[in-house]
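Peer 1: One file: protein-v1.cif (mmCIF, C-alpha atoms).
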```
data_run
loop_
_atom_site.group_PDB
_atom_site.id
_atom_site.type_symbol
_atom_site.label_atom_id
_atom_site.label_comp_id
_atom_site.auth_asym_id
_atom_site.auth_seq_id
_atom_site.Cartn_x
_atom_site.Cartn_y
_atom_site.Cartn_z
ATOM 1 C CA MET A 1 -59.111 120.527 16.635
ATOM 2 C CA ARG A 2 -60.401 118.288 13.815
ATOM 3 C CA SER A 3 -63.820 119.876 13.493
ATOM 4 C CA ARG A 4 -63.440 123.379 14.959
ATOM 5 C CA SER A 5 -59.718 124.242 14.687
ATOM 6 C CA MET A 6 -59.620 124.847 18.443
ATOM 7 C CA GLU A 7 -56.625 124.017 20.591
ATOM 8 C CA VAL A 8 -57.972 123.273 24.069
ATOM 9 C CA ASP A 9 -56.267 122.156 27.268
ATOM 10 C CA PRO A 10 -58.252 119.114 28.516
ATOM 11 C CA GLN A 11 -58.163 120.646 32.013
ATOM 12 C CA ASP A 12 -60.278 123.545 30.698
ATOM 13 C CA LEU A 13 -62.999 121.277 29.304
ATOM 14 C CA PHE A 14 -66.029 120.610 31.526
ATOM 15 C CA ILE A 15 -68.825 118.156 30.726
ATOM 16 C CA THR A 16 -72.441 119.277 31.199
ATOM 17 C CA SER A 17 -75.966 117.920 30.871
ATOM 18 C CA GLY A 18 -76.433 119.684 27.546
ATOM 19 C CA ALA A 19 -75.907 123.355 26.750
ATOM 20 C CA THR A 20 -78.795 124.459 28.974
ATOM 21 C CA GLN A 21 -77.021 123.377 32.147
ATOM 22 C CA ALA A 22 -73.964 125.368 31.089
ATOM 23 C CA PHE A 23 -76.165 128.457 30.741
ATOM 24 C CA TYR A 24 -77.621 127.938 34.225
ATOM 25 C CA LEU A 25 -74.160 127.790 35.741
ATOM 26 C CA LEU A 26 -72.605 130.603 33.731
ATOM 27 C CA VAL A 27 -75.363 133.133 34.373
ATOM 28 C CA ASP A 28 -74.792 132.933 38.127
ATOM 29 C CA ILE A 29 -71.006 132.842 37.799
ATOM 30 C CA LEU A 30 -70.798 135.868 35.493
ATOM 31 C CA TYR A 31 -73.512 138.133 36.906
ATOM 32 C CA LYS A 32 -72.307 141.524 38.129
ATOM 33 C CA LYS A 33 -74.768 143.375 40.339
ATOM 34 C CA GLU A 34 -77.226 145.473 38.309
ATOM 35 C CA LEU A 35 -75.271 145.027 35.056
ATOM 36 C CA PRO A 36 -77.260 143.441 32.200
ATOM 37 C CA PHE A 37 -76.507 140.456 30.035
ATOM 38 C CA ALA A 38 -76.476 141.333 26.329
ATOM 39 C CA LEU A 39 -78.284 138.915 24.008
ATOM 40 C CA GLU A 40 -78.989 138.782 20.303
ATOM 41 C CA ASN A 41 -82.467 139.824 19.217
ATOM 42 C CA PRO A 42 -83.941 137.383 18.258
ATOM 43 C CA SER A 43 -82.154 134.842 20.419
ATOM 44 C CA HIS A 44 -82.343 131.319 21.799
ATOM 45 C CA PRO A 45 -85.069 131.007 24.489
ATOM 46 C CA GLY A 46 -82.869 128.867 26.759
ATOM 47 C CA ILE A 47 -80.438 131.572 27.830
ATOM 48 C CA ARG A 48 -83.139 134.244 27.946
ATOM 49 C CA THR A 49 -85.330 132.123 30.217
ATOM 50 C CA VAL A 50 -82.451 131.362 32.592
ATOM 51 C CA ILE A 51 -81.672 135.077 32.970
ATOM 52 C CA ASN A 52 -85.322 136.102 33.350
ATOM 53 C CA ASP A 53 -85.941 133.423 35.994
ATOM 54 C CA ARG A 54 -83.261 135.035 38.135
ATOM 55 C CA ASN A 55 -84.603 138.554 37.524
ATOM 56 C CA TYR A 56 -81.233 139.639 36.161
ATOM 57 C CA PRO A 57 -81.316 142.612 33.758
ATOM 58 C CA LEU A 58 -81.185 142.128 29.990
ATOM 59 C CA CYS A 59 -80.355 144.229 26.954
ATOM 60 C CA TYR A 60 -80.345 143.333 23.282
ATOM 61 C CA MET A 61 -78.257 143.601 20.133
ATOM 62 C CA PRO A 62 -80.393 143.551 16.962
ATOM 63 C CA ALA A 63 -79.504 140.655 14.654
ATOM 64 C CA ASP A 64 -79.502 141.202 10.909
ATOM 65 C CA ARG A 65 -78.197 139.302 7.882
ATOM 66 C CA GLN A 66 -74.697 139.550 9.396
ATOM 67 C CA GLY A 67 -75.622 138.369 12.870
ATOM 68 C CA ALA A 68 -75.488 140.382 16.104
ATOM 69 C CA ASP A 69 -74.812 144.113 15.730
ATOM 70 C CA GLU A 70 -72.344 144.793 18.536
ATOM 71 C CA SER A 71 -72.438 148.574 17.970
ATOM 72 C CA TRP A 72 -75.499 148.713 20.241
ATOM 73 C CA ILE A 73 -73.427 147.772 23.298
ATOM 74 C CA LYS A 74 -70.218 149.720 22.618
ATOM 75 C CA THR A 75 -70.690 152.126 25.519
ATOM 76 C CA MET A 76 -72.311 149.719 27.952
ATOM 77 C CA ASP A 77 -70.985 148.007 31.071
ATOM 78 C CA LEU A 78 -72.225 144.415 31.054
ATOM 79 C CA SER A 79 -72.210 141.169 33.008
ATOM 80 C CA ALA A 80 -71.556 139.158 29.838
ATOM 81 C CA VAL A 81 -72.504 138.843 26.155
ATOM 82 C CA TYR A 82 -74.189 135.789 24.634
ATOM 83 C CA VAL A 83 -73.836 135.134 20.884
ATOM 84 C CA THR A 84 -74.291 132.356 18.318
ATOM 85 C CA PRO A 85 -71.625 133.511 15.834
ATOM 86 C CA SER A 86 -71.314 130.329 13.750
ATOM 87 C CA HIS A 87 -75.049 130.135 12.985
ATOM 88 C CA GLN A 88 -77.186 132.858 14.514
ATOM 89 C CA PHE A 89 -80.304 131.420 16.096
ATOM 90 C CA PRO A 90 -82.830 131.655 14.592
ATOM 91 C CA LEU A 91 -81.887 133.761 11.519
ATOM 92 C CA GLY A 92 -78.913 131.645 10.452
ATOM 93 C CA SER A 93 -76.357 134.431 9.877
ATOM 94 C CA ILE A 94 -72.598 133.994 10.326
ATOM 95 C CA LEU A 95 -70.916 136.783 12.278
ATOM 96 C CA PRO A 96 -68.361 138.495 9.990
ATOM 97 C CA ALA A 97 -64.734 139.062 10.943
ATOM 98 C CA ALA A 98 -65.123 142.793 11.639
ATOM 99 C CA ARG A 99 -67.912 142.238 14.167
ATOM 100 C CA ARG A 100 -66.031 139.359 15.785
ATOM 101 C CA THR A 101 -62.946 141.519 16.240
ATOM 102 C CA SER A 102 -65.008 144.392 17.630
ATOM 103 C CA LEU A 103 -66.797 142.093 20.088
ATOM 104 C CA ILE A 104 -63.525 140.638 21.374
ATOM 105 C CA ARG A 105 -62.075 144.134 21.779
ATOM 106 C CA LEU A 106 -65.136 145.343 23.701
ATOM 107 C CA ALA A 107 -64.958 142.348 26.073
ATOM 108 C CA ALA A 108 -61.329 143.168 26.891
ATOM 109 C CA GLU A 109 -61.929 146.904 27.286
ATOM 110 C CA LYS A 110 -65.066 146.500 29.415
ATOM 111 C CA ASP A 111 -63.834 143.443 31.335
ATOM 112 C CA TYR A 112 -66.565 140.905 30.662
ATOM 113 C CA TYR A 113 -66.830 137.468 29.077
ATOM 114 C CA ILE A 114 -68.460 136.296 25.866
ATOM 115 C CA ILE A 115 -70.570 133.129 25.964
ATOM 116 C CA GLU A 116 -70.168 131.526 22.542
ATOM 117 C CA ASP A 117 -72.990 129.078 21.827
ATOM 118 C CA ASP A 118 -71.761 126.654 19.168
ATOM 119 C CA TYR A 119 -75.221 126.309 17.628
ATOM 120 C CA ASP A 120 -75.399 123.966 14.594
ATOM 121 C CA SER A 121 -71.819 124.748 13.545
ATOM 122 C CA GLU A 122 -71.197 121.139 12.417
ATOM 123 C CA TYR A 123 -73.840 121.345 9.713
ATOM 124 C CA ARG A 124 -72.356 123.818 7.242
ATOM 125 C CA TYR A 125 -73.036 122.898 3.624
ATOM 126 C CA SER A 126 -70.734 125.187 1.642
ATOM 127 C CA GLY A 127 -67.536 127.139 2.175
ATOM 128 C CA SER A 128 -64.836 126.665 4.792
ATOM 129 C CA PRO A 129 -65.629 125.829 8.439
ATOM 130 C CA VAL A 130 -66.233 128.917 10.579
ATOM 131 C CA THR A 131 -63.465 129.674 13.080
ATOM 132 C CA PRO A 132 -64.938 130.080 16.586
ATOM 133 C CA LEU A 133 -64.607 133.282 18.601
ATOM 134 C CA TYR A 134 -62.785 131.169 21.172
ATOM 135 C CA SER A 135 -59.797 130.862 18.845
ATOM 136 C CA MET A 136 -59.466 134.656 18.756
ATOM 137 C CA ASP A 137 -59.224 135.074 22.545
ATOM 138 C CA PRO A 138 -59.584 132.016 24.816
ATOM 139 C CA SER A 139 -59.170 134.265 27.877
ATOM 140 C CA ARG A 140 -62.402 136.170 27.109
ATOM 141 C CA VAL A 141 -64.601 133.537 25.464
ATOM 142 C CA ILE A 142 -66.514 130.703 27.149
ATOM 143 C CA TYR A 143 -67.280 128.128 24.489
ATOM 144 C CA VAL A 144 -70.437 126.019 24.937
ATOM 145 C CA GLY A 145 -71.432 123.038 22.795
ATOM 146 C CA THR A 146 -73.692 120.005 22.867
ATOM 147 C CA PHE A 147 -74.123 116.620 21.196
ATOM 148 C CA SER A 148 -77.932 116.849 21.239
ATOM 149 C CA LYS A 149 -78.201 117.969 17.613
ATOM 150 C CA THR A 150 -75.375 115.886 16.150
ATOM 151 C CA LEU A 151 -76.417 112.614 17.812
ATOM 152 C CA PHE A 152 -79.814 112.658 19.552
ATOM 153 C CA PRO A 153 -81.615 114.981 22.027
ATOM 154 C CA ALA A 154 -81.923 112.387 24.806
ATOM 155 C CA LEU A 155 -78.127 112.188 25.067
ATOM 156 C CA ARG A 156 -77.731 114.892 27.685
ATOM 157 C CA ILE A 157 -74.037 115.529 27.146
ATOM 158 C CA GLY A 158 -72.672 118.969 26.414
ATOM 159 C CA PHE A 159 -69.450 120.756 27.214
ATOM 160 C CA ALA A 160 -68.024 124.133 28.130
ATOM 161 C CA VAL A 161 -64.479 125.418 27.730
ATOM 162 C CA ILE A 162 -63.907 127.584 30.798
ATOM 163 C CA PRO A 163 -61.082 130.132 31.353
ATOM 164 C CA LYS A 164 -58.932 129.071 34.300
ATOM 165 C CA VAL A 165 -59.839 132.096 36.446
ATOM 166 C CA LEU A 166 -63.499 130.966 36.448
ATOM 167 C CA GLN A 167 -62.953 127.278 37.080
ATOM 168 C CA GLU A 168 -63.056 127.387 40.886
ATOM 169 C CA LYS A 169 -66.475 129.057 40.795
ATOM 170 C CA TRP A 170 -67.645 126.617 38.132
ATOM 171 C CA ARG A 171 -66.644 123.593 40.232
ATOM 172 C CA HIS A 172 -68.403 125.047 43.279
ATOM 173 C CA TYR A 173 -71.681 125.668 41.462
ATOM 174 C CA ARG A 174 -71.565 122.357 39.615
ATOM 175 C CA ASN A 175 -70.767 120.364 42.763
ATOM 176 C CA TYR A 176 -73.938 121.648 44.418
ATOM 177 C CA MET A 177 -76.090 121.134 41.352
ATOM 178 C CA ASP A 178 -75.561 117.464 40.406
ATOM 179 C CA VAL A 179 -71.831 116.720 40.828
ATOM 180 C CA GLN A 180 -71.353 115.055 37.419
ATOM 181 C CA ASN A 181 -72.961 113.435 34.392
ATOM 182 C CA PRO A 182 -73.663 109.688 34.209
ATOM 183 C CA VAL A 183 -70.438 107.922 33.243
ATOM 184 C CA LEU A 184 -71.701 105.142 30.932
ATOM 185 C CA GLU A 185 -72.878 107.522 28.186
ATOM 186 C CA GLN A 186 -69.579 109.395 28.373
ATOM 187 C CA ILE A 187 -67.595 106.178 27.899
ATOM 188 C CA ALA A 188 -69.653 105.279 24.818
ATOM 189 C CA LEU A 189 -69.282 108.784 23.393
ATOM 190 C CA THR A 190 -65.529 108.703 24.025
ATOM 191 C CA GLU A 191 -65.195 105.563 21.911
ATOM 192 C CA PHE A 192 -67.390 107.087 19.202
ATOM 193 C CA LEU A 193 -65.060 110.098 19.038
ATOM 194 C CA LYS A 194 -61.741 108.238 19.291
ATOM 195 C CA SER A 195 -62.690 105.779 16.536
ATOM 196 C CA ARG A 196 -63.545 108.677 14.178
ATOM 197 C CA LYS A 197 -67.062 107.284 13.825
ATOM 198 C CA MET A 198 -68.352 110.696 14.917
ATOM 199 C CA ASP A 199 -66.505 112.320 12.006
ATOM 200 C CA HIS A 200 -68.016 109.845 9.554
ATOM 201 C CA HIS A 201 -71.475 110.335 11.050
ATOM 202 C CA ILE A 202 -71.280 114.133 10.713
ATOM 203 C CA GLY A 203 -70.005 113.871 7.144
ATOM 204 C CA ARG A 204 -72.811 111.509 6.159
ATOM 205 C CA MET A 205 -75.563 113.539 7.825
ATOM 206 C CA ARG A 206 -74.227 116.778 6.358
ATOM 207 C CA LYS A 207 -74.981 115.414 2.881
ATOM 208 C CA VAL A 208 -78.447 114.241 3.945
ATOM 209 C CA TYR A 209 -79.397 117.561 5.522
ATOM 210 C CA ALA A 210 -77.948 119.604 2.642
ATOM 211 C CA LYS A 211 -80.218 117.743 0.233
ATOM 212 C CA LYS A 212 -83.247 118.288 2.465
ATOM 213 C CA ARG A 213 -82.453 121.998 2.730
ATOM 214 C CA GLU A 214 -82.203 122.304 -1.039
ATOM 215 C CA THR A 215 -85.516 120.463 -1.410
ATOM 216 C CA LEU A 216 -87.216 122.876 0.987
ATOM 217 C CA LEU A 217 -85.809 126.045 -0.574
ATOM 218 C CA THR A 218 -86.604 124.898 -4.122
ATOM 219 C CA ALA A 219 -90.152 123.950 -3.158
ATOM 220 C CA ALA A 220 -90.681 127.267 -1.353
ATOM 221 C CA LYS A 221 -89.422 129.264 -4.343
ATOM 222 C CA GLU A 222 -91.673 127.310 -6.712
ATOM 223 C CA ALA A 223 -94.669 127.783 -4.427
ATOM 224 C CA PHE A 224 -94.233 131.443 -3.479
ATOM 225 C CA GLY A 225 -91.957 132.873 -6.168
ATOM 226 C CA SER A 226 -90.570 136.345 -5.561
ATOM 227 C CA LYS A 227 -92.671 136.735 -2.409
ATOM 228 C CA VAL A 228 -90.262 134.575 -0.388
ATOM 229 C CA ASN A 229 -86.582 134.991 0.474
ATOM 230 C CA SER A 230 -84.383 132.839 2.688
ATOM 231 C CA TRP A 231 -82.183 134.227 5.468
ATOM 232 C CA GLY A 232 -78.875 132.945 6.713
ATOM 233 C CA ASP A 233 -75.953 130.934 5.472
ATOM 234 C CA GLU A 234 -76.121 127.416 4.066
ATOM 235 C CA SER A 235 -76.038 125.651 7.415
ATOM 236 C CA GLY A 236 -78.149 124.343 10.276
ATOM 237 C CA LEU A 237 -81.286 122.216 10.485
ATOM 238 C CA HIS A 238 -83.870 124.924 9.875
ATOM 239 C CA VAL A 239 -84.289 127.901 7.592
ATOM 240 C CA ALA A 240 -85.815 131.339 8.179
ATOM 241 C CA LEU A 241 -88.080 132.415 5.311
ATOM 242 C CA GLU A 242 -89.169 136.016 4.807
ATOM 243 C CA PHE A 243 -92.536 136.622 3.123
ATOM 244 C CA SER A 244 -92.720 140.152 1.742
ATOM 245 C CA ASP A 245 -96.478 140.657 2.078
ATOM 246 C CA MET A 246 -97.272 138.711 5.250
ATOM 247 C CA ASN A 247 -97.379 139.222 9.031
ATOM 248 C CA PHE A 248 -97.481 136.101 11.162
ATOM 249 C CA GLY A 249 -98.826 135.922 14.690
ATOM 250 C CA ASN A 250 -100.086 133.369 17.199
ATOM 251 C CA ASP A 251 -103.305 132.819 15.266
ATOM 252 C CA PHE A 252 -101.331 131.699 12.234
ATOM 253 C CA VAL A 253 -99.336 129.192 14.281
ATOM 254 C CA THR A 254 -102.592 127.844 15.739
ATOM 255 C CA ASP A 255 -104.135 127.505 12.275
ATOM 256 C CA CYS A 256 -101.038 125.662 11.091
ATOM 257 C CA LYS A 257 -101.256 123.153 13.942
ATOM 258 C CA LYS A 258 -104.928 122.537 13.161
ATOM 259 C CA ASN A 259 -103.899 121.722 9.593
ATOM 260 C CA GLY A 260 -101.054 119.417 10.602
ATOM 261 C CA ILE A 261 -98.230 121.911 10.008
ATOM 262 C CA GLN A 262 -95.657 122.376 12.761
ATOM 263 C CA ILE A 263 -94.168 125.830 12.310
ATOM 264 C CA GLN A 264 -92.711 128.683 14.327
ATOM 265 C CA THR A 265 -92.474 132.410 13.838
ATOM 266 C CA VAL A 266 -89.233 134.346 14.227
ATOM 267 C CA SER A 267 -91.064 136.979 16.266
ATOM 268 C CA GLN A 268 -91.623 134.512 19.134
ATOM 269 C CA TYR A 269 -87.858 134.572 19.743
ATOM 270 C CA CYS A 270 -87.699 138.378 19.879
ATOM 271 C CA SER A 271 -87.886 140.702 22.855
ATOM 272 C CA ASP A 272 -90.776 142.426 21.061
ATOM 273 C CA GLU A 273 -93.308 140.309 19.160
ATOM 274 C CA ASN A 274 -93.693 143.133 16.643
ATOM 275 C CA LEU A 275 -90.201 142.420 15.272
ATOM 276 C CA HIS A 276 -89.545 140.096 12.304
ATOM 277 C CA THR A 277 -93.274 139.415 11.934
ATOM 278 C CA ASN A 278 -92.903 138.509 8.250
ATOM 279 C CA LYS A 279 -90.587 135.543 8.889
ATOM 280 C CA LEU A 280 -91.242 131.864 9.572
ATOM 281 C CA LEU A 281 -88.939 129.106 10.797
ATOM 282 C CA LEU A 282 -89.147 125.819 8.933
ATOM 283 C CA GLY A 283 -87.286 122.799 10.299
ATOM 284 C CA TYR A 284 -86.318 120.020 7.910
ATOM 285 C CA GLY A 285 -83.840 117.776 9.749
ATOM 286 C CA HIS A 286 -86.459 115.293 10.989
ATOM 287 C CA LEU A 287 -88.541 115.175 7.797
ATOM 288 C CA SER A 288 -88.382 113.065 4.652
ATOM 289 C CA GLU A 289 -88.212 114.872 1.315
ATOM 290 C CA LYS A 290 -91.830 113.908 0.623
ATOM 291 C CA GLU A 291 -92.926 115.353 3.963
ATOM 292 C CA ILE A 292 -91.071 118.575 3.144
ATOM 293 C CA LEU A 293 -92.789 118.872 -0.232
ATOM 294 C CA ASP A 294 -96.213 118.062 1.232
ATOM 295 C CA GLY A 295 -95.628 120.596 3.999
ATOM 296 C CA VAL A 296 -94.868 123.418 1.568
ATOM 297 C CA VAL A 297 -98.015 122.587 -0.414
ATOM 298 C CA ALA A 298 -100.090 122.652 2.779
ATOM 299 C CA LEU A 299 -98.475 125.945 3.854
ATOM 300 C CA LYS A 300 -99.256 127.581 0.516
ATOM 301 C CA SER A 301 -102.851 126.374 0.696
ATOM 302 C CA LEU A 302 -103.269 127.799 4.205
ATOM 303 C CA MET A 303 -101.783 131.154 3.211
ATOM 304 C CA GLY A 304 -104.079 131.215 0.190
ATOM 305 C CA LYS A 305 -107.026 131.148 2.580
ATOM 306 C CA GLY A 306 -105.838 134.404 4.148
ATOM 307 C CA SER A 307 -104.671 132.990 7.484
ATOM 308 C CA LYS A 308 -102.354 135.376 9.365
#
```
Please render this file's structure as structure tokens.
Peer 2:
Amino acid sequence: MRSRSMEVDPQDLFITSGATQAFYLLVDILYKKELPFALENPSHPGIRTVINDRNYPLCYMPADRQGADESWIKTMDLSAVYVTPSHQFPLGSILPAARRTSLIRLAAEKDYYIIEDDYDSEYRYSGSPVTPLYSMDPSRVIYVGTFSKTLFPALRIGFAVIPKVLQEKWRHYRNYMDVQNPVLEQIALTEFLKSRKMDHHIGRMRKVYAKKRETLLTAAKEAFGSKVNSWGDESGLHVALEFSDMNFGNDFVTDCKKNGIQIQTVSQYCSDENLHTNKLLLGYGHLSEKEILDGVVALKSLMGKGSK
């Protein structure tokens, strides 16, 4: 309620070993024979890998500067829809109200569930907090979150808010996977939350990351001028940069690694590697401001050599 404006019955809240475990469980619970799961394009590799490993069918909704375009699935019968409405991964868009309303309406009309991945929603640097899809229709939305980004990746504690009609299946699948998470970490996290230390931690880190983001965007604009544009809202721990006259492939990523630059392309998260080829993903959460500045200088130097 404090951070997401969600009113949740504690009996509907289930602890997981991170968001990935929730995806593993939900894909099997929600699958309807021969009906595809609809994902954003580009999308997070975790959910896509889980679905592909089971040989379940997939379809895609193109993501633009406003997030997932639900018009592509209006006439389709689906197993479920997966979205990152608070901070589209990896482009960073926030799903607008009209698309949220349309998506909720489609789920009710077509009788499927929406998996809402709460990706990076805590780290929003301007404007009001984004209201989750869950708040619009708790009966149709399965809300999945994790503490891996807000605290540290090795803390394998996530959570899912599950509609009551799905809870029996959830308990069955979870019981035969690993029963439950280790208790000690949950006790420590409980105290961290109850004492409001989590709130203070998020507030402090939000300021740190906002400054790093500004450093990166300013440095990129100074280095590349009008040739670069950022995508997404002011949130998250990475930024997608579009370079008007470039196309990035695997060779470019390899060249970057050889020169000490850790970078990713947006196209690697797409169903077709020919999509979004002019965009790079630059993470800044783990870097100092000096490392960010040095990285942009190194990136400009590498691009100046004609590496693609």
Peer 1: Counting all atoms listed in the file, which of A:Ser17, A:Pro62, A:Asn55, A:Leu216 gets nearest to A:Asp272?
Peer 2: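 Residue with the minimum atom-to-atom distance to A:Asp272: A:Pro62.
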Peer 1: One decimal, in Å: what's the spacing between atom CA of A:Thr218 and atom CA of A:Gly295?
Peer 2: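 Taking atom CA of A:Thr218 as the start and atom CA of A:Gly295 as the end point, the length is 12.9 Å.
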Peer 1: Pick out the closest residue to A:Gly92 from this set: A:Asp178, A:Asp233, A:Asp77, A:Glu168. Count all atoms listed in the file.
Peer 2: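 The shortest atom-to-atom distance to A:Gly92 comes from A:Asp233.
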Peer 1: Need the neighbours of (-95.8, 139.9, 9.7): which residues are at most 10 Å away, counting all atoms listed in the file, as an MDAnalysis selection string?
Peer 2: chainID A and resid 242:249 265:267 273:280 308
Peer 1: Quick check, in Å to one decimal: how far apart do atom CA of A:Leu103 and atom CA of A:Ser148 lie?
Peer 2: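 Interatomic distance here is 27.6 Å.
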Peer 1: Name the residues that the PyMOL selection byres ((chain A and resi 18) around 9) pulls out of this structure, and write them as a PyMOL selection string.
Peer 2: chain A and resi 15-17+19-22+145-148+153+155-159
Peer 1: Once you have the residues from the selection above, write them out as an mmCIF file, in the coordinates of the input, restricted to C-alpha atoms.
Peer 2:
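Contents of selection01.cif, as written:
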```cif
data_model
loop_
_atom_site.group_PDB
_atom_site.id
_atom_site.type_symbol
_atom_site.label_atom_id
_atom_site.label_comp_id
_atom_site.auth_asym_id
_atom_site.auth_seq_id
_atom_site.Cartn_x
_atom_site.Cartn_y
_atom_site.Cartn_z
ATOM 1 C CA ILE A 15 -68.825 118.156 30.726
ATOM 2 C CA THR A 16 -72.441 119.277 31.199
ATOM 3 C CA SER A 17 -75.966 117.920 30.871
ATOM 4 C CA ALA A 19 -75.907 123.355 26.750
ATOM 5 C CA THR A 20 -78.795 124.459 28.974
ATOM 6 C CA GLN A 21 -77.021 123.377 32.147
ATOM 7 C CA ALA A 22 -73.964 125.368 31.089
ATOM 8 C CA GLY A 145 -71.432 123.038 22.795
ATOM 9 C CA THR A 146 -73.692 120.005 22.867
ATOM 10 C CA PHE A 147 -74.123 116.620 21.196
ATOM 11 C CA SER A 148 -77.932 116.849 21.239
ATOM 12 C CA PRO A 153 -81.615 114.981 22.027
ATOM 13 C CA LEU A 155 -78.127 112.188 25.067
ATOM 14 C CA ARG A 156 -77.731 114.892 27.685
ATOM 15 C CA ILE A 157 -74.037 115.529 27.146
ATOM 16 C CA GLY A 158 -72.672 118.969 26.414
ATOM 17 C CA PHE A 159 -69.450 120.756 27.214
#
```
Peer 1: Measuring atom to atom with all atoms listed in the file, identify which of A:Val144, A:Ala220, A:Val130, A:Val50 is nearest to A:Ser3.
Peer 2: A:Val130
Peer 1: Would you list the residues near (-79.1, 127.2, 15.9) (no more than 7 Å away, in the coordinates of the file, using only C-alpha atoms) as a PyMOL selection string?
Peer 2: chain A and resi 87-90+119-120+236
Peer 1: Could you tell me, as a count of residues only, exactly which residues end up selected when the PyMOL selection byres ((chain A and resi 104) around 10) is applied to this structure?
Peer 2: 19
Peer 1: Determine the nearest neighbour of A:Ser93 from the options A:Arg65, A:Lys74, A:Lys207, A:Lys169, counting all atoms listed in the file.
Peer 2: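 The shortest atom-to-atom distance to A:Ser93 comes from A:Arg65.
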Peer 1: So, counting all atoms listed in the file, which residue among A:Met61, A:Val27, A:Ala188, A:Val253 is closest to A:Ser43?
Peer 2: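 Of A:Met61, A:Val27, A:Ala188, A:Val253, the one nearest A:Ser43, counting all atoms listed in the file, is A:Met61.
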Peer 1: I need the residue set behind the PyMOL selection byres ((chain A and resi 164) around 12) for this file; please write it as a PyMOL selection string.
Peer 2: chain A and resi 8-14+138-142+161-163+165-171
Peer 1: Could you work out how far atom CA of A:Asn250 lies from atom CA of A:Asp117, giving the answer in Å with one decimal?
Peer 2: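 Answer for the atom CA of A:Asp117 to atom CA of A:Asn250 separation: 27.8 Å.
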Peer 1: Can you tell me which residues surround A:His286 at a distance of at most 10 Å, considering all atoms listed in the file, apart from same-chain residues fewer than 4 positions away, and format the answer as a VMD selection string?
Peer 2: chain A and resid 209 212 237 291 to 292
Peer 1: Which residues are close to A:Glu289, i.e. within 9 Å by only C-alpha atoms, leaving aside same-chain residues fewer than 4 positions away? Reply as a PDB file with C-alpha atoms, keeping the file's coordinate frame.
Peer 2:
```pdb
ATOM      1  CA  LYS A 211     -80.218 117.743   0.233  1.00  0.00           C
ATOM      2  CA  LYS A 212     -83.247 118.288   2.465  1.00  0.00           C
ATOM      3  CA  THR A 215     -85.516 120.463  -1.410  1.00  0.00           C
ATOM      4  CA  LEU A 216     -87.216 122.876   0.987  1.00  0.00           C
ATOM      5  CA  TYR A 284     -86.318 120.020   7.910  1.00  0.00           C
ATOM      6  CA  LEU A 293     -92.789 118.872  -0.232  1.00  0.00           C
ATOM      7  CA  ASP A 294     -96.213 118.062   1.232  1.00  0.00           C
TER       8      ASP A 294
END
```
Peer 1: Of the residues A:Ser128, A:Ser71, A:Asn181, A:Ser301, which is the one nearest to A:Glu234, using only C-alpha atoms?
Peer 2: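 Looking at the shortest contact to A:Glu234, the residue is A:Ser128.
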